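Here is the structure we will look at, set down as structure tokens.
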Amino acid sequence: MIKIAPYIFTAPFIIYFLVFFIYPITQTFWQSLCQQTGFSAPKFAGLANYKLLIDDYFIMAVQNSAIYTFFTCLILVPLPLLLAVLLDSKFVAKADAFKGALFIPALTSVVMAGLFFKYAFSSNPAALMNTLIARLGIPAQGWLEKRLTTWIVLVVFCVWKWLGVNIVYYLSALQTISRDLYEAATIDGANAWQRFLHITVPGVKPTIIYVLTISIYGGFSMFAEAFTLFNSARTPGDIGATIVSYIYAQGFNRNNFGLASAAGITLLLGVLIINIIQLSITDPVGKSDT
Amino acid sequence: MKKKKIGLTFISTLIIAVFSIIALMPFFFLLISSFKPGSEMIRNGLQFKFDFENYRLVNYGLLGTERDGIYIKWYINSILIMVLQVGTGLFFSSLVGYGLAKYRFKGRNLIFGLVLVVMMVPVEILILPLYKEINSFNMIDTYPGVLLPFIVPATGVFFFRQFASGLPSEIMESGRIDGCGEFGIFFRLMMPIMLPAYGAMTILLAMGSWNAMVWPMIVLRTSEMQTLPIGLQSLLTPYGNNYDMLLSGAVMSVLPIMIIFLLNQKTFIAGMAAGSVKG
């Protein structure tokens with residue numbers, strides 16, 4: 001019984017893995033090599049889809065996803081660390097209440113938050129953001145009508161939603177650093193910045209890598225945010241296109257399964273490469289194997 | 001020295017307060033606007049001015065009456081799907097995670113490796129083939145269609161495996177001596193000890209289910225079957241005439257979570273952070 005039991009315990013995952021992971025992935029791979037529209041029979045076409053993929057729309061989507069990912073990482077990796085250090089420092093009064101407030105955006109659905117960002121960044125000169133920038137002497141913007149400002153809205157959206165979660169990750173990592181290290185460094189004459197750089201940063205390094213990985217992952221698979229802002233997978237001039245919205249639009253709006261699958265496989269390869277790099281740095285399997 | 005400390009406290013608290021206000025701002029504005037005619041926001045965007053003249057409670061009344069109480073249906077659908085998703089997710093992921101942690105068997109490392117692979121691949125890549133698969137099962141526009149592709153959440157398996165690894169195996173030994181079967185040991189002895197893990201995972205899975213948008217939007221086609229996020233999103237059509245319930249509906253959809261969060265802030269944050277446990 002002890003011999004079979006573990007296989008019965010893990011059977012649900014194995015079945016799940018075969019039916020809802022391996023099967024759809026092989027389907028995607030096969031379809032990326034076929035010409036197919038709608039529910040007609042697929043016809044093998046080699047790498048034709050991958051060649052077709054290199055068009056303006058897809059390049060636009062990849063660029064948008066890459067730029068979005070870059071800027072969300074640039075903000076969402078260091079900023080929450082600094083805020084977590086502040087919250088942890090005893091210099092902040094009522095730190096627990098602030099932690100709660102900062103965390104609240106993570107509780108909301110993208111749809112609900114999207115309503116705010118869509119209409120706060122409305123092109124109307126009297127809308128929230130336009131009145132704010134008017135005070136700085138900047139003319140009213142049609143935020144979701146241009147590529148650059150669309151990036152800004154999406155990055156602000158993402159930072160707003162995930163800042164608090166990343167602060168929580170960093171806060172729990174900070175608890176693992178021994179206070180003695182800081183005291184010893186202070187006695188040796190290290191200032192606050194030096195202590196941050198030489199004790200805090202190395203101490204939370206695994207969490208920095210973790211936050212960076214989920215930010216890259218989230219960045220390249222972003223779709224819901226853009227969808228709620230434009231209420232469609234297609235956007236005028238493709239300014240809000242992302243890799244996943246490309247997959248969605250090609251697959252569900254145009255029934256072009258071959259192209260959508262080729263885009264999916266491309267994204268899959270990209271994500272796997274990033275993850276292999278990350279795994280080779282942190283090695284969660286080896287470390288946690290008991 | 002004391003003066004310097006007060007200065008530091010002031011500046012640090014101010015910085016954190018500014019970020020906290022930004023975090024809460026959307027809720028404040030959506031709440032205020034939810035008492036105004038919905039078309040006002042659609043046309044003019046969210047605004048600073050607070051003219052309390054047009055304020056009305058009718059937007060909240062509409063939630064119960066508009067389109068034969070469609071909002072109530074979305075609410076019930078969301079709750080049902082959440083309960084089913086959390087229930088099945090907890091059951092299967094704890095079963096698998098425990099099996100991986102507490103038994104040494106051939107293929108154990110391979111299966112755990114596959115769990116990590118599933119965690120790494122964005123599910124968005126699979127929406128098309130999953131849609132076709134669910135379609136071939138005749139499960140479009142059904143709850144099983146929403147649930148099945150996520151029935152064994154890999155994050156949960158990973159989390160329960162980590163948690164169970166830290167539990168003493170002596171309990172299992174004494175169970176065997178007492179004549180308990182392997183499943184009896186799991187259900188009667190180990191499950192109660194794993195309660196904290198179930199608590200954390202419940203929060204993580206419930207949040208994910210309640211706020212899920214992309215996959216339910218693909219599967220649930222008719223309005224009567226939809227959940228809150230996609231139902232609310234569907235009100236945003238250019239020809240919509242239900243804008244008045246858009247914001248009141250959004251506020252009511254987030255209110256229960258807010259209340260539960262404010263009552264159990266520590267558990268909640270620990271639960272959400274549980275998704276990040278590594279090594």
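Each chain in the structure tokens gets a letter, A, B and so on, in the order shown; residues start at 1 in every chain, and ligands are counted from 1 in the order they appear.
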Per residue of segment 145-209 of chain B within 12 Å of segment 248-269 of chain B, note the shortest atom pair and the distance in Å to one decimal, counting only C-alpha atoms, and order the rows by chain and increasing residue number, as a tab-separated table.
residue	atom	partner	partner_atom	distance
B:Pro196	CA	B:Thr267	CA	9.6
B:Ala197	CA	B:Thr267	CA	11.1
B:Tyr198	CA	B:Thr267	CA	11.7
B:Gly199	CA	B:Thr267	CA	8.2
B:Ala200	CA	B:Thr267	CA	7.3
B:Met201	CA	B:Phe268	CA	10.1
B:Thr202	CA	B:Phe268	CA	9.8
B:Ile203	CA	B:Phe268	CA	6.6
B:Leu204	CA	B:Phe268	CA	8.5
B:Leu205	CA	B:Phe268	CA	11.7
B:Ala206	CA	B:Ile257	CA	9.9
B:Met207	CA	B:Ile257	CA	8.5
B:Gly208	CA	B:Ile257	CA	12.0
Produce a file of the selected residues containing C-alpha atoms, as an mmCIF file, in the first residue's frame.
data_model
loop_
_atom_site.group_PDB
_atom_site.id
_atom_site.type_symbol
_atom_site.label_atom_id
_atom_site.label_comp_id
_atom_site.auth_asym_id
_atom_site.auth_seq_id
_atom_site.Cartn_x
_atom_site.Cartn_y
_atom_site.Cartn_z
ATOM 1 C CA PRO B 196 -2.623 26.973 8.469
ATOM 2 C CA ALA B 197 -1.577 26.052 4.932
ATOM 3 C CA TYR B 198 -5.229 25.571 3.943
ATOM 4 C CA GLY B 199 -5.993 29.015 5.372
ATOM 5 C CA ALA B 200 -3.278 30.752 3.389
ATOM 6 C CA MET B 201 -4.159 28.909 0.172
ATOM 7 C CA THR B 202 -7.875 29.651 0.587
ATOM 8 C CA ILE B 203 -7.128 33.369 0.498
ATOM 9 C CA LEU B 204 -4.807 33.074 -2.475
ATOM 10 C CA LEU B 205 -7.186 30.901 -4.515
ATOM 11 C CA ALA B 206 -10.311 32.832 -3.537
ATOM 12 C CA MET B 207 -8.771 36.143 -4.603
ATOM 13 C CA GLY B 208 -7.647 34.672 -7.901
#
Practice item. Please return, as a ChimeraX atom specification, all residues of chain A lying within 6 Å of chain B when only C-alpha atoms are considered. Key: /A:6,9-10,20,24,91-92,101-102,109,111-112,116,119-120,122,124,127-128,264,284,287-288
Practice item. Figure out the distance between atom CA of Leu267 of chain A and atom CA of Gln250 of chain A, please, to one decimal in Å. Key: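 For atom CA of Gln250 of chain A relative to atom CA of Leu267 of chain A, the distance reads 14.6 Å.
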Point to revise | Shortest interatomic distance to Ala260 of chain A - which of A:Thr186, A:Thr207, A:Thr200, A:Ser245, counting only C-alpha atoms | key: A:Ser245
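Our summary of the geometry notes that atom CA of Ile22 of chain A is positioned 18.6 Å from atom CA of Ile273 of chain A.
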**Study point:** Residue neighbourhood Pro125 of chain A, 9 Å, only C-alpha atoms, exclusion window fewer than 3 positions, as a list in words
**Key:**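 My list of contacting residues is Ser122, Leu128, Met129, Asn130, Thr131, Ala134, Pro139, Ala140, Gln141 and Gly142 of chain A; Asn44 of chain B.
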Serialized selection, C-alpha atoms, as a compact mmCIF listing (two decimals), in the first residue's frame:
# COMPACT_ATOMS: atom_id res chain seq x y z
CA SER A 122 -9.90 60.36 -19.96
CA LEU A 128 -8.61 63.87 -13.13
CA MET A 129 -5.19 63.47 -14.71
CA ASN A 130 -5.59 66.29 -17.19
CA THR A 131 -6.48 68.75 -14.42
CA ALA A 134 -2.62 71.35 -16.13
CA PRO A 139 -1.68 70.66 -21.93
CA ALA A 140 -4.51 68.11 -21.73
CA GLN A 141 -3.62 64.71 -23.22
CA GLY A 142 -5.63 62.14 -25.10
CA ASN B 44 -16.54 63.31 -19.09
**Study point:** Residues near segment 59-69 of chain B, cut-off 8 Å, only C-alpha atoms, skip fewer than 3 positions along chain, as number ranges by chain
**Key:** B: 34-37, 56, 72-73, 242, 244-245, 248-249
So that I have them on file, write out the residues from the current selection with C-alpha atoms, as a CSV table (one decimal), in the first residue's frame.
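What ended up in result_32.csv:
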chain,number,residue,atom,x,y,z
B,34,SER,CA,-21.0,55.6,-7.9
B,35,PHE,CA,-23.7,57.9,-6.6
B,36,LYS,CA,-23.8,60.0,-9.8
B,37,PRO,CA,-25.4,59.1,-13.1
B,56,ARG,CA,-28.6,59.5,-5.6
B,72,ILE,CA,-27.5,39.4,-8.3
B,73,LYS,CA,-27.1,36.5,-10.8
B,242,ASN,CA,-26.8,50.2,-17.9
B,244,ASP,CA,-25.7,53.6,-13.9
B,245,MET,CA,-25.1,50.2,-12.3
B,248,SER,CA,-22.2,50.8,-7.9
B,249,GLY,CA,-21.8,47.3,-9.1
Check your understanding: Counting only C-alpha atoms, what is within 8 Å of segment 169-175 of chain B, bar same-chain residues fewer than 4 positions away, as a count of residues only?
Key -> 7
Practice item. Just the alpha helix (DSSP H) stuff from segment 22-85 of chain A, please, per backbone DSSP, written as JSON, numbers by chain. Key: {"A": [23, 24, 25, 26, 27, 28, 29, 30, 31, 32, 48, 49, 50, 51, 52, 53, 56, 57, 58, 59, 60, 61, 62, 63, 64, 65, 66, 67, 68, 69, 70, 71, 72, 73, 74, 75, 76, 78, 79, 80, 81, 82, 83, 84, 85]}
Next, the residues of the selection above should be written as a compact mmCIF listing (two decimals), in the first residue's frame with C-alpha atoms.
# COMPACT_ATOMS: atom_id res chain seq x y z
CA TYR A 23 -2.24 18.31 -24.81
CA PRO A 24 -2.91 22.05 -25.33
CA ILE A 25 0.81 22.77 -25.69
CA THR A 26 1.30 20.11 -28.34
CA GLN A 27 -1.87 21.39 -30.03
CA THR A 28 -0.46 24.92 -30.02
CA PHE A 29 2.84 23.69 -31.40
CA TRP A 30 1.17 21.63 -34.13
CA GLN A 31 -1.18 24.45 -35.08
CA SER A 32 1.67 26.93 -35.26
CA ALA A 48 4.99 29.83 -42.81
CA ASN A 49 3.19 31.21 -39.76
CA TYR A 50 6.44 32.20 -38.12
CA LYS A 51 7.42 34.12 -41.26
CA LEU A 52 3.98 35.79 -41.40
CA LEU A 53 4.37 36.65 -37.73
CA ASP A 56 3.86 45.44 -38.09
CA TYR A 57 1.09 44.32 -35.75
CA PHE A 58 3.13 41.59 -34.06
CA ILE A 59 6.26 43.72 -33.85
CA MET A 60 4.14 46.47 -32.30
CA ALA A 61 2.78 43.97 -29.75
CA VAL A 62 6.26 42.64 -28.87
CA GLN A 63 7.64 46.18 -28.54
CA ASN A 64 4.76 47.24 -26.30
CA SER A 65 5.13 44.18 -24.10
CA ALA A 66 8.91 44.62 -23.88
CA ILE A 67 8.76 48.33 -23.05
CA TYR A 68 5.98 47.73 -20.53
CA THR A 69 7.97 44.93 -18.90
CA PHE A 70 11.15 47.00 -18.82
CA PHE A 71 9.57 49.99 -17.09
CA THR A 72 7.47 47.97 -14.65
CA CYS A 73 10.64 46.11 -13.59
CA LEU A 74 12.58 49.36 -13.36
CA ILE A 75 10.04 50.66 -10.84
CA LEU A 76 8.60 47.57 -9.19
CA PRO A 78 13.72 48.87 -6.36
CA LEU A 79 10.87 51.14 -5.21
CA PRO A 80 9.02 48.60 -3.03
CA LEU A 81 12.37 47.60 -1.47
CA LEU A 82 13.04 51.20 -0.42
CA LEU A 83 9.49 51.57 0.92
CA ALA A 84 9.75 48.25 2.77
CA VAL A 85 12.99 49.39 4.42
